[in-house]
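Chemist: Please read through the structure below; I'll follow up with questions.
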Amino acid sequence: MEKTNKQALQVAALRNGTVIDHIPSEKLFTVVSLLKLQEMDSNITIGFNLESKKLGKKGIIKVADKFFSDEEISRLSVVAPHVKLNIIRDYEVVEKKEVHMPDELRGIVKCANPKCITNNEPMTTLFHVVDKEQGILKCHYCEKEQNKENIKLL
């Protein structure tokens, strides 16, 4: 076996956990933050600016012994709508998931309306996704619409 293959294998092998792939490189650290990976005790491998046929450059995150809930994963749809998740058990990919934008986003996005109650009272934001293709979000409280390209994350 070639030395380079051995080195690649040492990093790639994951007994149990989740591989988050096809993350746009510029969104990699936002994904780390959204999933609160910095607070985990798990072994986490982060690959940045890796070559990708689809994206040119991509990021990848491997998290040992962690299986994310659908709610945790739906948070990613705001910043990285086309990420792929590989669920690994005993070194085998047992499930592949694609991230989909949920109907609602709670406590993830800041309302762009400075007069909105969510910006003036200690309360959780709630947005309805009115157009998943275009990424149009509508604030539940003030009804201001904003495009996901222009949002600020909490």
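Starting from 1 in every chain, residues are counted up; chains themselves are A, B, ... following the order of the structure tokens, and ligands are numbered from 1 as listed.
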Give me the residues near His140 (chain A) as a list in words, where near means some atom within 9 Å (using only C-alpha atoms) and where sequence neighbours in that chain fewer than 6 positions away do not count.
Modeler: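 The neighbour list is Thr125, Leu126, Phe127 and His128 of chain A.
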Chemist: The selected residues should be written to file as a short mmCIF file (atom, residue, chain, number, x, y, z; two decimals), in the first residue's frame (atoms: N, CA and C atoms).
Modeler:
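Listing of again_30.cif after writing:
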data_model
loop_
_atom_site.label_atom_id
_atom_site.label_comp_id
_atom_site.auth_asym_id
_atom_site.auth_seq_id
_atom_site.Cartn_x
_atom_site.Cartn_y
_atom_site.Cartn_z
N THR A 125 -36.60 34.17 17.84
CA THR A 125 -37.12 34.51 16.51
C THR A 125 -37.80 33.29 15.89
N LEU A 126 -38.75 33.58 15.01
CA LEU A 126 -39.45 32.52 14.28
C LEU A 126 -39.71 33.02 12.87
N PHE A 127 -39.22 32.27 11.90
CA PHE A 127 -39.43 32.61 10.50
C PHE A 127 -40.14 31.47 9.80
N HIS A 128 -41.06 31.82 8.91
CA HIS A 128 -41.71 30.87 8.04
C HIS A 128 -40.97 30.92 6.71
#
Chemist: Report the residues of region 26-142 of chain A whose backbone DSSP state falls under strand (DSSP E), written as a PyMOL selection string.
Modeler: chain A and resi 44-52+56-64+84-89+92-98+104-106+109-110+126-131+136-139
Chemist: Taking C-alpha atoms for each residue, export the selection above as a PDB file, in the first residue's frame.
Modeler:
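Done, and the output landed in result10.pdb:
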ATOM      1  CA  ILE A  44     -13.843  16.060  15.083  1.00  0.00           C
ATOM      2  CA  THR A  45     -11.926  16.296  11.818  1.00  0.00           C
ATOM      3  CA  ILE A  46     -12.381  19.397   9.671  1.00  0.00           C
ATOM      4  CA  GLY A  47     -11.175  19.588   6.081  1.00  0.00           C
ATOM      5  CA  PHE A  48     -11.012  23.041   4.514  1.00  0.00           C
ATOM      6  CA  ASN A  49     -10.534  24.037   0.853  1.00  0.00           C
ATOM      7  CA  LEU A  50     -10.530  20.448  -0.394  1.00  0.00           C
ATOM      8  CA  GLU A  51     -10.914  19.874  -4.123  1.00  0.00           C
ATOM      9  CA  SER A  52     -14.452  19.293  -5.334  1.00  0.00           C
ATOM     10  CA  GLY A  56     -14.316  23.833  -6.882  1.00  0.00           C
ATOM     11  CA  LYS A  57     -13.346  23.957  -3.206  1.00  0.00           C
ATOM     12  CA  LYS A  58     -15.319  22.412  -0.382  1.00  0.00           C
ATOM     13  CA  GLY A  59     -15.254  21.725   3.300  1.00  0.00           C
ATOM     14  CA  ILE A  60     -15.914  18.464   5.079  1.00  0.00           C
ATOM     15  CA  ILE A  61     -16.527  17.720   8.749  1.00  0.00           C
ATOM     16  CA  LYS A  62     -16.294  14.309  10.399  1.00  0.00           C
ATOM     17  CA  VAL A  63     -17.773  13.966  13.868  1.00  0.00           C
ATOM     18  CA  ALA A  64     -17.124  10.744  15.772  1.00  0.00           C
ATOM     19  CA  LYS A  84     -24.737  15.812   2.241  1.00  0.00           C
ATOM     20  CA  LEU A  85     -24.621  13.755   5.421  1.00  0.00           C
ATOM     21  CA  ASN A  86     -23.225  10.265   5.603  1.00  0.00           C
ATOM     22  CA  ILE A  87     -24.216   8.313   8.689  1.00  0.00           C
ATOM     23  CA  ILE A  88     -21.432   5.867   9.589  1.00  0.00           C
ATOM     24  CA  ARG A  89     -21.832   2.760  11.736  1.00  0.00           C
ATOM     25  CA  GLU A  92     -19.862   1.588   6.828  1.00  0.00           C
ATOM     26  CA  VAL A  93     -22.113   4.286   5.353  1.00  0.00           C
ATOM     27  CA  VAL A  94     -25.531   3.108   6.529  1.00  0.00           C
ATOM     28  CA  GLU A  95     -27.516   6.163   5.486  1.00  0.00           C
ATOM     29  CA  LYS A  96     -27.103   9.217   3.272  1.00  0.00           C
ATOM     30  CA  LYS A  97     -29.118  12.350   3.960  1.00  0.00           C
ATOM     31  CA  GLU A  98     -29.488  15.589   2.095  1.00  0.00           C
ATOM     32  CA  GLU A 104     -39.907  27.097   9.972  1.00  0.00           C
ATOM     33  CA  LEU A 105     -36.633  28.396  11.393  1.00  0.00           C
ATOM     34  CA  ARG A 106     -36.680  29.035  15.126  1.00  0.00           C
ATOM     35  CA  VAL A 109     -31.969  33.979  12.018  1.00  0.00           C
ATOM     36  CA  LYS A 110     -32.131  37.600  13.204  1.00  0.00           C
ATOM     37  CA  LEU A 126     -39.447  32.516  14.279  1.00  0.00           C
ATOM     38  CA  PHE A 127     -39.431  32.610  10.502  1.00  0.00           C
ATOM     39  CA  HIS A 128     -41.706  30.865   8.038  1.00  0.00           C
ATOM     40  CA  VAL A 129     -39.983  29.723   4.864  1.00  0.00           C
ATOM     41  CA  VAL A 130     -42.327  31.053   2.182  1.00  0.00           C
ATOM     42  CA  ASP A 131     -40.175  30.074  -0.810  1.00  0.00           C
ATOM     43  CA  ILE A 136     -37.398  33.683   1.164  1.00  0.00           C
ATOM     44  CA  LEU A 137     -38.048  33.856   4.918  1.00  0.00           C
ATOM     45  CA  LYS A 138     -40.912  35.745   6.557  1.00  0.00           C
ATOM     46  CA  CYS A 139     -40.815  36.882  10.173  1.00  0.00           C
TER      47      CYS A 139
END
Chemist: Using DSSP assignments from the backbone, pull out every residue in region 56-89 of chain A that falls under helix (DSSP H, G or I) and give it to me as a ChimeraX atom specification.
Modeler: /A:70-76
Chemist: Could you check which of A:Leu76, A:Ile117, A:Val19, A:Leu55 is closest to Ser33 (chain A), using only C-alpha atoms?
Modeler: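 Once distances to Ser33 (chain A) are computed over only C-alpha atoms, the minimum belongs to A:Leu76.
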Chemist: Please indicate the distance in Å from CA of Cys111 (chain A) to CA of Lys144 (chain A), rounded to one decimal place.
Modeler: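 Between CA of Cys111 (chain A) and CA of Lys144 (chain A) the gap works out to 7.8 Å.
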Chemist: Looking at only C-alpha atoms, which of A:Arg15, A:Lys66, A:Lys115, A:Lys53 is the one that sits closest to Glu143 (chain A)?
Modeler: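 Answer, going by the shortest atom-to-atom distance: A:Lys115.
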Chemist: Skip Ala80 (chain A) itself and residues of its chain fewer than 3 positions away, then list as a list in words all residues within 7 Å of it, counting only C-alpha atoms.
Modeler: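 That gives Ile23, Pro24, Lys27, Leu76, Ser77 and Val83 of chain A.
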Chemist: What is the CA of Phe29 (chain A)-CA of Pro114 (chain A) distance in Å, reported with one decimal?
Modeler: 26.8 Å
Chemist: Nearest to Val78 (chain A): which of A:Met40, A:Ile20, A:Val31, A:Met123 is it, counting only C-alpha atoms?
Modeler: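 Residue with the minimum atom-to-atom distance to Val78 (chain A): A:Val31.
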Chemist: Considering only C-alpha atoms, state which residue in the set A:Phe67, A:Cys116, A:Asn43, A:Gly17 is at the smallest distance from Tyr91 (chain A).
Modeler: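 Under the stated criterion, the closest residue is A:Gly17.
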